[in-house]
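Chemist: Structure: query_18.cif, mmCIF, C-alpha atoms.
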data_run
loop_
_atom_site.label_atom_id
_atom_site.label_comp_id
_atom_site.auth_asym_id
_atom_site.auth_seq_id
_atom_site.Cartn_x
_atom_site.Cartn_y
_atom_site.Cartn_z
CA MET A 1 -137.61 118.61 12.97
CA GLU A 2 -140.90 120.34 13.77
CA SER A 3 -139.34 123.67 14.69
CA LEU A 4 -137.53 124.30 11.43
CA THR A 5 -138.52 127.49 9.69
CA GLY A 6 -138.56 128.73 6.12
CA ASN A 7 -135.36 128.03 4.24
CA GLN A 8 -134.02 125.48 6.62
CA LYS A 9 -136.91 123.17 6.01
CA VAL A 10 -135.97 122.41 2.40
CA THR A 11 -132.33 121.57 2.82
CA LYS A 12 -132.65 119.54 5.99
CA SER A 13 -135.74 117.60 5.09
CA PRO A 14 -135.29 113.87 4.68
CA LEU A 15 -136.50 113.93 1.10
CA PHE A 16 -133.77 116.33 0.05
CA LYS A 17 -131.08 114.30 1.77
CA PHE A 18 -132.45 111.17 0.18
CA LEU A 19 -132.36 112.67 -3.28
CA ILE A 20 -128.86 114.04 -2.85
CA LEU A 21 -127.51 110.73 -1.58
CA GLU A 22 -129.25 108.73 -4.30
CA PHE A 23 -127.87 111.09 -6.92
CA ILE A 24 -124.36 110.64 -5.55
CA CYS A 25 -124.84 106.87 -5.63
CA LEU A 26 -126.12 106.97 -9.18
CA SER A 27 -123.21 109.06 -10.41
CA LEU A 28 -120.75 106.77 -8.63
CA MET A 29 -122.30 103.76 -10.31
CA ILE A 30 -122.15 105.29 -13.76
CA ALA A 31 -118.56 106.39 -13.18
CA ASP A 32 -117.65 102.98 -11.93
CA LYS A 33 -119.21 101.20 -14.88
CA ASN A 34 -116.61 102.84 -17.05
CA HIS A 35 -114.03 101.51 -14.64
CA HIS A 36 -111.27 103.98 -14.41
CA LEU A 37 -113.14 107.04 -13.29
CA ALA A 38 -114.06 105.80 -9.83
CA GLN A 39 -110.85 103.91 -9.09
CA PRO A 40 -109.35 106.60 -6.79
CA VAL A 41 -112.52 106.64 -4.70
CA ARG A 42 -112.46 102.88 -4.52
CA ASN A 43 -108.82 102.88 -3.48
CA ALA A 44 -109.42 105.40 -0.72
CA LEU A 45 -112.44 103.55 0.64
CA SER A 46 -110.77 100.19 0.44
CA LEU A 47 -108.26 101.38 3.01
CA ALA A 48 -111.16 101.48 5.45
CA ALA A 49 -112.30 98.06 4.34
CA ILE A 50 -108.95 96.38 4.90
CA PRO A 51 -109.46 95.71 8.65
CA LEU A 52 -112.67 93.85 7.92
CA VAL A 53 -111.04 91.69 5.28
CA LYS A 54 -108.17 90.94 7.64
CA ILE A 55 -110.59 89.90 10.37
CA ILE A 56 -112.19 87.43 7.98
CA GLU A 57 -108.83 86.12 6.82
CA TRP A 58 -107.46 85.65 10.29
CA PRO A 59 -109.40 82.49 11.33
CA GLN A 60 -108.49 80.83 8.06
CA GLU A 61 -104.80 81.53 8.59
CA MET A 62 -105.04 80.30 12.18
CA TYR A 63 -106.63 77.08 10.98
CA GLN A 64 -103.88 76.52 8.47
CA ILE A 65 -101.16 77.18 11.04
CA ILE A 66 -102.78 74.80 13.52
CA GLU A 67 -103.26 72.21 10.81
CA VAL A 68 -99.59 72.30 9.95
CA ALA A 69 -98.53 72.20 13.58
CA LEU A 70 -100.69 69.22 14.40
CA SER A 71 -99.99 67.12 11.31
CA ARG A 72 -98.73 63.79 12.28
CA GLN A 73 -95.42 62.67 11.02
CA ALA A 74 -96.77 59.65 9.11
CA GLN A 75 -99.16 61.86 7.20
CA LEU A 76 -96.37 64.24 6.32
CA ILE A 77 -94.09 61.45 5.14
CA GLU A 78 -96.84 60.08 2.92
CA GLU A 79 -97.53 63.52 1.47
CA ASN A 80 -93.81 63.94 0.88
CA THR A 81 -93.56 60.69 -1.11
CA GLN A 82 -96.61 61.60 -3.17
CA LEU A 83 -95.13 64.98 -4.02
CA LYS A 84 -91.81 63.40 -4.96
CA GLU A 85 -93.58 61.04 -7.34
CA GLN A 86 -95.48 63.94 -8.90
CA LEU A 87 -92.24 65.86 -9.25
CA ILE A 88 -90.54 62.99 -11.06
CA ASP A 89 -93.52 62.68 -13.40
CA THR A 90 -93.52 66.35 -14.30
CA GLN A 91 -89.77 66.44 -14.75
CA LEU A 92 -90.01 63.62 -17.26
CA LYS A 93 -92.73 65.51 -19.12
CA VAL A 94 -90.59 68.65 -19.11
CA GLN A 95 -87.72 66.71 -20.65
CA GLN A 96 -89.97 65.57 -23.45
CA ASN A 97 -91.26 69.08 -23.86
CA VAL A 98 -87.81 70.59 -24.31
CA SER A 99 -87.26 68.84 -27.62
CA LEU A 100 -90.84 69.49 -28.67
CA THR A 101 -90.47 73.20 -27.94
CA ALA A 102 -87.26 73.36 -29.93
CA GLU A 103 -88.88 71.64 -32.90
CA ASN A 104 -91.88 73.98 -32.59
CA GLU A 105 -89.55 77.01 -32.65
CA ARG A 106 -87.82 75.72 -35.78
CA LEU A 107 -91.09 75.07 -37.57
CA ARG A 108 -92.45 78.48 -36.61
CA ASN A 109 -89.28 80.13 -37.85
CA MET A 110 -89.62 78.31 -41.13
CA LEU A 111 -93.17 79.54 -41.50
CA ASN A 112 -92.20 83.03 -40.27
CA ALA A 113 -94.88 82.81 -37.60
CA THR A 114 -94.68 84.78 -34.34
CA THR A 115 -93.18 82.91 -31.40
CA THR A 116 -95.06 82.29 -28.17
CA SER A 117 -93.22 83.17 -25.00
CA PRO A 118 -93.59 81.27 -21.72
CA LEU A 119 -95.96 82.60 -19.08
CA THR A 120 -94.75 84.88 -16.30
CA THR A 121 -96.84 84.21 -13.22
CA SER A 122 -96.98 85.19 -9.61
CA VAL A 123 -98.84 83.60 -6.73
CA ALA A 124 -101.70 85.11 -4.78
CA PHE A 125 -103.68 83.67 -1.89
CA VAL A 126 -107.43 83.41 -1.86
CA SER A 127 -109.14 84.98 1.14
CA ASN A 128 -112.78 84.51 0.26
CA ILE A 129 -114.80 82.45 -2.20
CA ASN A 130 -118.28 83.58 -3.04
CA GLN A 131 -120.30 81.38 -5.35
CA HIS A 132 -123.64 83.02 -5.03
CA GLN A 133 -126.28 82.42 -7.69
CA LYS A 134 -125.93 85.83 -9.18
CA LYS A 135 -122.31 86.71 -8.79
CA GLN A 136 -119.40 84.29 -8.66
CA TYR A 137 -116.12 85.69 -7.51
CA ILE A 138 -113.16 85.13 -5.22
CA ILE A 139 -111.17 87.68 -3.27
CA ILE A 140 -107.38 87.51 -3.47
CA ASP A 141 -104.93 89.28 -1.24
CA GLN A 142 -103.13 91.37 -3.87
CA GLY A 143 -104.35 94.64 -5.29
CA THR A 144 -103.19 97.77 -7.07
CA SER A 145 -100.26 98.25 -4.73
CA GLN A 146 -98.76 95.02 -6.11
CA GLY A 147 -99.36 96.13 -9.66
CA ILE A 148 -102.45 94.09 -10.45
CA PHE A 149 -104.46 95.50 -13.34
CA ASN A 150 -108.01 95.11 -14.43
CA GLY A 151 -108.64 92.10 -16.64
CA GLN A 152 -105.56 90.20 -15.54
CA ALA A 153 -105.88 86.46 -16.10
CA VAL A 154 -106.06 84.23 -13.03
CA LEU A 155 -105.45 80.53 -13.17
CA ASN A 156 -104.72 77.49 -11.11
CA LEU A 157 -102.64 74.38 -11.72
CA GLU A 158 -105.77 72.61 -12.85
CA GLY A 159 -107.27 75.21 -15.17
CA VAL A 160 -108.37 78.76 -15.80
CA ILE A 161 -110.23 80.44 -12.97
CA GLY A 162 -111.19 83.90 -14.19
CA GLN A 163 -109.99 87.43 -14.50
CA VAL A 164 -109.45 90.33 -12.13
CA ASP A 165 -112.59 92.38 -12.10
CA VAL A 166 -112.61 94.87 -9.23
CA LEU A 167 -109.46 96.37 -7.77
CA ALA A 168 -108.65 97.84 -4.41
CA GLN A 169 -105.32 98.77 -2.91
CA GLN A 170 -104.62 95.61 -0.98
CA PHE A 171 -107.09 93.11 -2.32
CA SER A 172 -109.05 92.49 -5.49
CA HIS A 173 -112.01 90.55 -6.79
CA VAL A 174 -111.62 87.91 -9.43
CA ILE A 175 -114.73 87.10 -11.43
CA LEU A 176 -114.97 83.37 -12.14
CA ILE A 177 -115.49 81.90 -15.58
CA THR A 178 -118.76 80.42 -14.35
CA ASP A 179 -120.28 83.83 -13.63
CA LYS A 180 -123.14 84.70 -15.95
CA ALA A 181 -121.55 87.96 -17.01
CA HIS A 182 -118.30 86.35 -18.12
CA ALA A 183 -117.41 85.11 -21.60
CA LEU A 184 -114.17 83.33 -22.44
CA PRO A 185 -112.77 82.80 -25.96
CA VAL A 186 -111.91 79.12 -26.20
CA GLU A 187 -110.99 76.46 -28.70
CA ILE A 188 -111.60 72.74 -28.74
CA LEU A 189 -108.25 71.03 -28.33
CA ARG A 190 -109.01 68.09 -30.55
CA THR A 191 -110.38 69.92 -33.58
CA GLY A 192 -109.07 73.47 -33.17
CA MET A 193 -112.53 74.97 -33.52
CA ARG A 194 -112.83 78.42 -31.95
CA THR A 195 -115.87 79.50 -29.98
CA ILE A 196 -116.88 81.42 -26.85
CA ALA A 197 -117.70 79.87 -23.49
CA TYR A 198 -120.25 81.72 -21.40
CA GLY A 199 -120.69 81.22 -17.69
CA ASN A 200 -124.06 79.94 -16.56
CA GLY A 201 -123.84 80.08 -12.81
CA GLU A 202 -122.54 76.57 -12.21
CA SER A 203 -120.35 75.63 -15.14
CA ILE A 204 -119.72 77.06 -18.57
CA SER A 205 -121.77 76.60 -21.72
CA LEU A 206 -120.74 76.81 -25.33
CA ASN A 207 -123.80 78.12 -27.13
CA GLU A 208 -122.53 79.04 -30.56
CA VAL A 209 -121.30 75.82 -32.09
CA PRO A 210 -123.01 75.03 -35.42
CA THR A 211 -124.75 71.66 -35.60
CA SER A 212 -122.48 70.60 -38.42
CA ALA A 213 -119.37 70.97 -36.25
CA ASP A 214 -117.59 68.01 -34.74
CA LEU A 215 -118.03 68.04 -30.98
CA GLN A 216 -117.97 65.10 -28.61
CA ILE A 217 -118.52 64.53 -24.93
CA GLY A 218 -115.14 64.48 -23.22
CA ASP A 219 -113.54 67.03 -25.53
CA VAL A 220 -111.04 69.25 -23.77
CA VAL A 221 -111.67 72.99 -24.02
CA VAL A 222 -108.64 75.31 -23.89
CA THR A 223 -108.23 79.08 -24.17
CA SER A 224 -107.67 80.35 -27.67
CA GLY A 225 -105.87 83.56 -26.76
CA PHE A 226 -108.29 85.75 -28.72
CA GLY A 227 -109.04 89.08 -27.09
CA ASN A 228 -105.54 89.21 -25.56
CA ARG A 229 -106.87 88.65 -22.07
CA PHE A 230 -105.95 85.02 -21.50
CA PRO A 231 -102.83 83.39 -22.91
CA ARG A 232 -103.33 80.67 -25.46
CA GLY A 233 -103.50 76.99 -24.65
CA LEU A 234 -104.55 76.95 -21.00
CA LYS A 235 -106.91 74.17 -20.00
CA VAL A 236 -110.39 75.36 -19.15
CA ALA A 237 -112.95 72.58 -19.02
CA GLU A 238 -114.22 69.30 -20.38
CA ILE A 239 -117.46 68.91 -22.34
CA GLU A 240 -120.07 67.14 -20.26
CA SER A 241 -123.26 67.19 -22.27
CA ILE A 242 -124.37 68.31 -25.72
CA ASN A 243 -127.85 69.41 -26.71
CA VAL A 244 -129.37 71.04 -29.75
CA SER A 245 -130.85 74.52 -29.53
CA PRO A 246 -134.62 74.89 -30.00
CA ASP A 247 -134.31 76.23 -33.53
CA ARG A 248 -131.93 73.43 -34.46
CA THR A 249 -129.17 75.70 -35.74
CA PHE A 250 -126.67 75.44 -32.87
CA GLN A 251 -125.38 72.80 -30.55
CA THR A 252 -125.48 73.99 -26.95
CA SER A 253 -123.09 72.13 -24.72
CA VAL A 254 -122.22 72.35 -21.06
CA ALA A 255 -118.62 71.98 -19.98
CA LYS A 256 -117.38 71.32 -16.46
CA PRO A 257 -114.35 73.45 -15.54
CA TYR A 258 -111.23 71.63 -14.41
CA ALA A 259 -110.54 74.05 -11.57
CA GLN A 260 -112.33 73.25 -8.31
CA PHE A 261 -113.71 76.62 -7.34
CA ASP A 262 -114.79 75.77 -3.84
CA LYS A 263 -111.38 74.40 -2.86
CA LEU A 264 -109.12 77.21 -4.01
CA THR A 265 -106.28 78.32 -1.79
CA GLU A 266 -103.63 79.73 -4.09
CA VAL A 267 -103.98 81.07 -7.58
CA PHE A 268 -101.57 82.30 -10.19
CA LEU A 269 -101.76 85.69 -11.83
CA VAL A 270 -100.44 86.00 -15.35
CA TRP A 271 -98.25 88.95 -16.25
CA PRO A 272 -97.67 90.17 -19.82
CA SER A 273 -94.32 88.91 -21.03
CA ASN A 274 -92.77 92.31 -21.64
CA ASN A 275 -93.20 93.46 -18.02
CA SER A 276 -91.34 92.05 -15.07
CA ALA A 277 -93.36 90.04 -12.57
CA ASN A 278 -93.76 91.24 -8.97
CA ASP A 279 -93.02 88.24 -6.82
CA GLU A 280 -94.98 88.93 -3.65
CA MET B 2 -124.74 101.29 16.87
CA HIS B 3 -121.68 101.16 14.69
CA LEU B 4 -120.51 98.01 16.40
CA SER B 5 -123.68 96.17 15.49
CA ILE B 6 -123.51 97.33 11.88
CA LEU B 7 -119.88 96.23 11.63
CA CYS B 8 -120.82 92.82 13.04
CA ALA B 9 -123.53 92.52 10.40
CA MET B 10 -121.01 93.34 7.69
CA LEU B 11 -118.63 90.69 8.99
CA ILE B 12 -121.41 88.12 9.00
CA MET B 13 -122.15 88.94 5.41
CA LEU B 14 -118.50 88.56 4.45
CA ILE B 15 -117.76 85.19 6.02
CA PRO B 16 -117.41 82.49 3.36
CA TRP B 17 -120.54 80.51 4.08
CA PRO B 18 -121.10 77.14 2.42
CA LYS B 19 -122.62 77.39 -1.01
CA ALA B 20 -126.06 76.17 0.00
CA MET B 21 -126.37 78.62 2.87
CA ILE B 22 -125.43 81.71 0.92
CA VAL B 23 -128.62 81.64 -1.14
CA TYR B 24 -130.81 81.83 1.94
CA GLN B 25 -128.79 84.39 3.86
CA PRO B 26 -130.85 87.45 4.83
CA HIS B 27 -129.36 90.78 3.99
CA TRP B 28 -128.02 91.50 7.48
CA MET B 29 -126.92 95.02 6.67
CA ALA B 30 -130.36 95.96 5.43
CA LEU B 31 -131.99 94.49 8.54
CA LEU B 32 -129.74 96.45 10.83
CA ILE B 33 -130.07 99.70 8.90
CA ALA B 34 -133.84 99.28 9.05
CA TYR B 35 -133.66 98.74 12.80
CA TRP B 36 -131.48 101.78 13.44
CA SER B 37 -133.51 104.05 11.15
CA PHE B 38 -136.51 102.95 13.11
CA ASN B 39 -134.95 103.89 16.43
CA ALA B 40 -132.75 106.87 15.65
CA GLY B 41 -134.53 110.15 15.88
CA ASN B 42 -132.36 112.26 13.61
CA ASN B 43 -131.66 112.15 9.92
CA ARG B 44 -128.00 111.31 10.21
CA ILE B 45 -128.85 107.65 9.87
CA MET B 46 -129.23 108.16 6.13
CA LEU B 47 -125.67 109.43 5.86
CA VAL B 48 -124.50 106.51 7.97
CA ALA B 49 -126.41 104.11 5.71
CA PHE B 50 -124.79 105.69 2.67
CA CYS B 51 -121.27 105.32 4.08
CA TYR B 52 -121.79 101.73 5.15
CA GLY B 53 -123.41 100.99 1.81
CA LEU B 54 -120.32 102.21 -0.01
CA LEU B 55 -118.11 100.16 2.31
CA LEU B 56 -120.20 97.09 1.60
CA ASP B 57 -119.83 97.79 -2.12
CA ILE B 58 -116.06 97.78 -1.83
CA LEU B 59 -116.10 94.54 0.12
CA MET B 60 -118.54 92.72 -2.13
CA GLY B 61 -117.02 94.02 -5.32
CA SER B 62 -120.28 95.27 -6.75
CA LEU B 63 -120.76 98.46 -8.69
CA LEU B 64 -119.75 101.38 -6.46
CA GLY B 65 -123.04 102.73 -5.21
CA LYS B 66 -125.32 99.73 -5.64
CA HIS B 67 -125.61 98.90 -1.97
CA GLY B 68 -125.36 102.58 -1.14
CA MET B 69 -128.46 103.22 -3.19
CA SER B 70 -130.51 100.39 -1.74
CA LEU B 71 -129.53 101.08 1.86
CA VAL B 72 -130.20 104.79 1.54
CA ALA B 73 -133.60 104.08 0.02
CA LEU B 74 -134.34 101.69 2.87
CA SER B 75 -133.36 104.11 5.61
CA PHE B 76 -135.28 106.92 3.94
CA LEU B 77 -138.47 104.90 3.79
CA VAL B 78 -138.19 103.76 7.38
CA THR B 79 -137.32 107.22 8.71
CA LYS B 80 -140.27 108.71 6.91
CA SER B 81 -142.77 106.31 8.45
CA ALA B 82 -140.93 105.68 11.72
CA LYS B 83 -143.37 107.59 13.88
CA GLN B 84 -146.37 105.69 12.60
CA LEU B 85 -144.57 102.39 12.71
CA ARG B 86 -143.70 102.72 16.36
CA MET B 87 -147.32 102.51 17.28
CA THR B 88 -148.05 99.38 15.29
CA SER B 89 -147.94 95.87 16.59
CA MET B 90 -145.09 93.46 16.09
CA GLY B 91 -146.82 91.57 13.31
CA GLN B 92 -147.52 94.68 11.25
CA LEU B 93 -143.99 95.87 11.78
CA LEU B 94 -142.74 92.52 10.53
CA ALA B 95 -144.87 92.82 7.40
CA MET B 96 -143.56 96.32 6.81
CA VAL B 97 -139.99 95.13 7.18
CA LEU B 98 -140.58 92.30 4.72
CA VAL B 99 -141.95 94.75 2.19
CA LEU B 100 -138.92 96.96 2.65
CA MET B 101 -136.57 94.00 2.20
CA LEU B 102 -138.40 93.14 -1.00
CA ASN B 103 -137.87 96.71 -2.12
CA ASP B 104 -134.18 96.41 -1.33
CA ILE B 105 -133.90 93.18 -3.33
CA ILE B 106 -135.77 94.74 -6.24
CA ILE B 107 -133.51 97.78 -6.34
CA ARG B 108 -130.39 95.65 -6.34
CA GLY B 109 -131.88 93.32 -8.91
CA ILE B 110 -132.69 96.21 -11.24
CA ILE B 111 -129.19 97.62 -10.92
CA ASP B 112 -127.67 94.20 -11.62
CA TRP B 113 -129.96 93.71 -14.57
CA LEU B 114 -129.15 97.08 -16.11
CA SER B 115 -125.44 96.85 -15.61
CA PHE B 116 -124.63 93.21 -16.19
CA GLY B 117 -127.66 91.60 -17.70
CA TYR B 118 -128.38 89.20 -14.83
CA LYS B 119 -131.83 87.77 -15.31
CA PRO B 120 -133.58 87.78 -11.94
CA ALA B 121 -134.60 84.34 -10.73
CA LEU B 122 -137.29 83.36 -8.25
CA ILE B 123 -134.64 82.00 -5.89
CA ASP B 124 -133.54 85.59 -5.24
CA LEU B 125 -136.60 86.02 -3.05
CA ALA B 126 -135.44 83.25 -0.70
CA PRO B 127 -133.60 85.72 1.57
CA LEU B 128 -136.99 87.24 2.36
CA ILE B 129 -138.10 84.15 4.24
CA THR B 130 -135.02 84.05 6.40
CA ALA B 131 -135.21 87.80 6.92
CA GLY B 132 -138.76 87.39 8.15
CA ILE B 133 -137.63 84.77 10.62
CA THR B 134 -134.60 86.66 11.89
CA TRP B 135 -136.10 90.14 12.16
CA PRO B 136 -138.16 89.61 15.35
CA TRP B 137 -135.23 87.99 17.13
CA LEU B 138 -132.89 90.73 15.93
CA LYS B 139 -135.24 93.46 17.11
CA TYR B 140 -135.72 91.83 20.47
CA PHE B 141 -132.02 91.27 20.97
CA LEU B 142 -131.00 94.77 19.92
CA ASP B 143 -133.75 96.32 22.02
CA ARG B 144 -132.48 94.47 25.07
CA MET B 145 -128.94 95.63 24.37
CA GLN B 146 -130.03 99.23 23.93
CA VAL B 147 -131.98 99.21 27.17
CA SER B 148 -129.09 97.71 29.11
CA TYR B 149 -126.68 100.20 27.52
CA ARG B 150 -128.88 103.09 28.53
CA ASN B 151 -129.29 101.77 32.04
CA SER B 152 -125.59 101.37 32.55
CA THR B 153 -124.57 104.90 31.42
#
Could you write out this structure as structure tokens?

Modeler:
Amino acid sequence: MESLTGNQKVTKSPLFKFLILEFICLSLMIADKNHHLAQPVRNALSLAAIPLVKIIEWPQEMYQIIEVALSRQAQLIEENTQLKEQLIDTQLKVQQNVSLTAENERLRNMLNATTTSPLTTSVAFVSNINQHQKKQYIIIDQGTSQGIFNGQAVLNLEGVIGQVDVLAQQFSHVILITDKAHALPVEILRTGMRTIAYGNGESISLNEVPTSADLQIGDVVVTSGFGNRFPRGLKVAEIESINVSPDRTFQTSVAKPYAQFDKLTEVFLVWPSNNSANDE
Amino acid sequence: MHLSILCAMLIMLIPWPKAMIVYQPHWMALLIAYWSFNAGNNRIMLVAFCYGLLLDILMGSLLGKHGMSLVALSFLVTKSAKQLRMTSMGQLLAMVLVLMLNDIIIRGIIDWLSFGYKPALIDLAPLITAGITWPWLKYFLDRMQVSYRNST
């Protein structure tokens, strides 16, 4: 470095390199904030990142294979009976639902209201769960090459999990509903009141309910379908505690999500009903 | 060199239990600081940039957030590397802690501006673990470098 002369000194000096690299970073960040501009760069780079993700996934898959191979027969038989009982239960509920759905259709037709179509879903496997204080997300093993798009709803048999936030070719990040930067339009099942549930790092909080509204502990919170991101009527959480805001105009309540975020293995991705689902 | 940085990235990616993640030191930053300290040329900044972008893809953050903080880190260390080599271990440790704090601040600012995350005091917890792991890391990597040089 000491023997550089004249012109060379400016372009090769560390300060110049630093400024150039920082400028590139800054422009990438601004482009990425508006999502679609940086997606090709992300796709190209994610090809390099795939080996690392596979290395992380591999021990988990090995564990699952070994677990299945070593399961004792008694345990498997017991699990089998439990699943059969669950299946019978759900089939009975489905039978009841068939007549309810038909009646619903008739009533909606009479009122000339739009009909709701059933959900098209596909399964994805979770490869990493990250519930850090600042950012809560999971990584699933499907990406743009399977047709996943930004903002796609992700749920679980127990409740809503989040939406697809960052895409790569072979994997994608799903931001959880408990993340502080996430807001979910919900309604209270019992009363039909619509509000928004914000993530607060551990569970979700409903901050905008007026004090005059009827809200009780134990109320079930479902998605309201507003914003066209999440379909209507999916279970989200249950109200745990209710407080009053400092200026006594709103009730702030905390709701515990039904989905167990630290035990996720498979999740369902929701596809819009006018496209066909990719079953992979 | 690349092998150690890749190992650090893998360590950062493993799904640690929830309680441990808060205290995890930023392994990538520690390693980039170490290699900027030892490498004589300026290519380490380009390397830091590339690995920063890769880390961004893997952690799903805004493309360039880790790139920016790692490049800033390697720049600061490269600039003062000559002076730092003559200092004692304790002073070097203090310098590294300050640089880690800088790294956390840069990432915190970017998070705050882009997503509105309010920084909490718990975010500084990684500093403590970084302070504990840095001397061991330096010692271990120094030994490996010496043995690598002796064998080739």

Chemist: Please determine the contact residues of chain B with respect to chain A at a cut-off of 6 Å, counting all atoms listed in the file, and supply them as a ChimeraX atom specification.

Modeler: /B:16,61,63-65,69

Chemist: What is the CA of Gln146 (chain A) to CA of Gln170 (chain A) distance in Å?

Modeler: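 Answer for the CA of Gln146 (chain A) to CA of Gln170 (chain A) separation: 7.8 Å.
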
Chemist: Please measure the separation of CA of Arg190 (chain A) and CA of Leu234 (chain A), giving the value in Å to one decimal.

Modeler: 13.8 Å

Chemist: Hey, what's within 12 Å of Leu125 (chain B) if we count all atoms listed in the file and toss same-chain stuff fewer than 4 positions away? As a list in words, please?

Modeler: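 Everything that qualifies: Gln133 of chain A; Val23, Tyr24, Gln25, Pro26, His27, Leu98, Val99, Met101, Leu102, Asn103, Asp104, Ile105, Ile106, Arg108, Gly109, Pro120, Ala121, Ile129, Thr130, Ala131 and Gly132 of chain B.
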
Chemist: Counting all atoms listed in the file, which of B:Met87, B:Leu142, B:Ser37, B:Lys19 gets nearest to Ala49 (chain B)?

Modeler: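 The answer is B:Ser37, which sits nearest to Ala49 (chain B).
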
Chemist: Which residue out of A:Ala124, A:Gln95, A:Ile188, A:Gln136 has the minimum interatomic distance to Ile22 (chain B) when all atoms listed in the file are used?

Modeler: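 Closest residue, counting all atoms listed in the file: A:Gln136.
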
Chemist: Quick one: of B:Ala40, B:Leu100, B:Met29, B:Leu93, who's nearest to Tyr52 (chain B), counting all atoms listed in the file?

Modeler: B:Met29

Chemist: Mind completing region 71-88 of chain B with N, CA and C atoms? Output as a PDB file, in the coordinates of the input, please?

Modeler:
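Result file follows (result_20.pdb):
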ATOM      1  N   LEU B  71    -129.458 100.822   0.426  1.00  0.00           N
ATOM      2  CA  LEU B  71    -129.530 101.080   1.860  1.00  0.00           C
ATOM      3  C   LEU B  71    -130.062 102.483   2.155  1.00  0.00           C
ATOM      4  N   VAL B  72    -129.692 103.441   1.315  1.00  0.00           N
ATOM      5  CA  VAL B  72    -130.200 104.790   1.540  1.00  0.00           C
ATOM      6  C   VAL B  72    -131.712 104.822   1.321  1.00  0.00           C
ATOM      7  N   ALA B  73    -132.152 104.124   0.261  1.00  0.00           N
ATOM      8  CA  ALA B  73    -133.600 104.080   0.020  1.00  0.00           C
ATOM      9  C   ALA B  73    -134.317 103.448   1.202  1.00  0.00           C
ATOM     10  N   LEU B  74    -133.735 102.367   1.731  1.00  0.00           N
ATOM     11  CA  LEU B  74    -134.340 101.690   2.870  1.00  0.00           C
ATOM     12  C   LEU B  74    -134.435 102.604   4.079  1.00  0.00           C
ATOM     13  N   SER B  75    -133.332 103.290   4.406  1.00  0.00           N
ATOM     14  CA  SER B  75    -133.360 104.110   5.610  1.00  0.00           C
ATOM     15  C   SER B  75    -134.280 105.310   5.418  1.00  0.00           C
ATOM     16  N   PHE B  76    -134.361 105.816   4.191  1.00  0.00           N
ATOM     17  CA  PHE B  76    -135.280 106.920   3.940  1.00  0.00           C
ATOM     18  C   PHE B  76    -136.713 106.501   4.193  1.00  0.00           C
ATOM     19  N   LEU B  77    -137.087 105.339   3.639  1.00  0.00           N
ATOM     20  CA  LEU B  77    -138.470 104.900   3.790  1.00  0.00           C
ATOM     21  C   LEU B  77    -138.816 104.641   5.241  1.00  0.00           C
ATOM     22  N   VAL B  78    -137.871 104.045   5.981  1.00  0.00           N
ATOM     23  CA  VAL B  78    -138.190 103.760   7.380  1.00  0.00           C
ATOM     24  C   VAL B  78    -138.253 105.050   8.185  1.00  0.00           C
ATOM     25  N   THR B  79    -137.301 105.977   7.940  1.00  0.00           N
ATOM     26  CA  THR B  79    -137.320 107.220   8.710  1.00  0.00           C
ATOM     27  C   THR B  79    -138.607 107.980   8.472  1.00  0.00           C
ATOM     28  N   LYS B  80    -139.083 107.950   7.225  1.00  0.00           N
ATOM     29  CA  LYS B  80    -140.270 108.710   6.910  1.00  0.00           C
ATOM     30  C   LYS B  80    -141.486 108.200   7.678  1.00  0.00           C
ATOM     31  N   SER B  81    -141.584 106.868   7.800  1.00  0.00           N
ATOM     32  CA  SER B  81    -142.770 106.310   8.450  1.00  0.00           C
ATOM     33  C   SER B  81    -142.475 105.807   9.842  1.00  0.00           C
ATOM     34  N   ALA B  82    -141.337 106.226  10.428  1.00  0.00           N
ATOM     35  CA  ALA B  82    -140.930 105.680  11.720  1.00  0.00           C
ATOM     36  C   ALA B  82    -141.953 105.990  12.812  1.00  0.00           C
ATOM     37  N   LYS B  83    -142.460 107.210  12.802  1.00  0.00           N
ATOM     38  CA  LYS B  83    -143.370 107.590  13.880  1.00  0.00           C
ATOM     39  C   LYS B  83    -144.614 106.730  13.869  1.00  0.00           C
ATOM     40  N   GLN B  84    -145.154 106.500  12.661  1.00  0.00           N
ATOM     41  CA  GLN B  84    -146.370 105.690  12.600  1.00  0.00           C
ATOM     42  C   GLN B  84    -146.055 104.248  12.952  1.00  0.00           C
ATOM     43  N   LEU B  85    -144.874 103.802  12.521  1.00  0.00           N
ATOM     44  CA  LEU B  85    -144.570 102.390  12.710  1.00  0.00           C
ATOM     45  C   LEU B  85    -144.386 102.047  14.180  1.00  0.00           C
ATOM     46  N   ARG B  86    -143.947 103.043  14.958  1.00  0.00           N
ATOM     47  CA  ARG B  86    -143.700 102.720  16.360  1.00  0.00           C
ATOM     48  C   ARG B  86    -144.954 102.328  17.086  1.00  0.00           C
ATOM     49  N   MET B  87    -146.096 102.810  16.558  1.00  0.00           N
ATOM     50  CA  MET B  87    -147.320 102.510  17.280  1.00  0.00           C
ATOM     51  C   MET B  87    -147.969 101.215  16.819  1.00  0.00           C
ATOM     52  N   THR B  88    -147.406 100.594  15.784  1.00  0.00           N
ATOM     53  CA  THR B  88    -148.050  99.380  15.290  1.00  0.00           C
ATOM     54  C   THR B  88    -147.586  98.169  16.070  1.00  0.00           C
TER      55      THR B  88
END
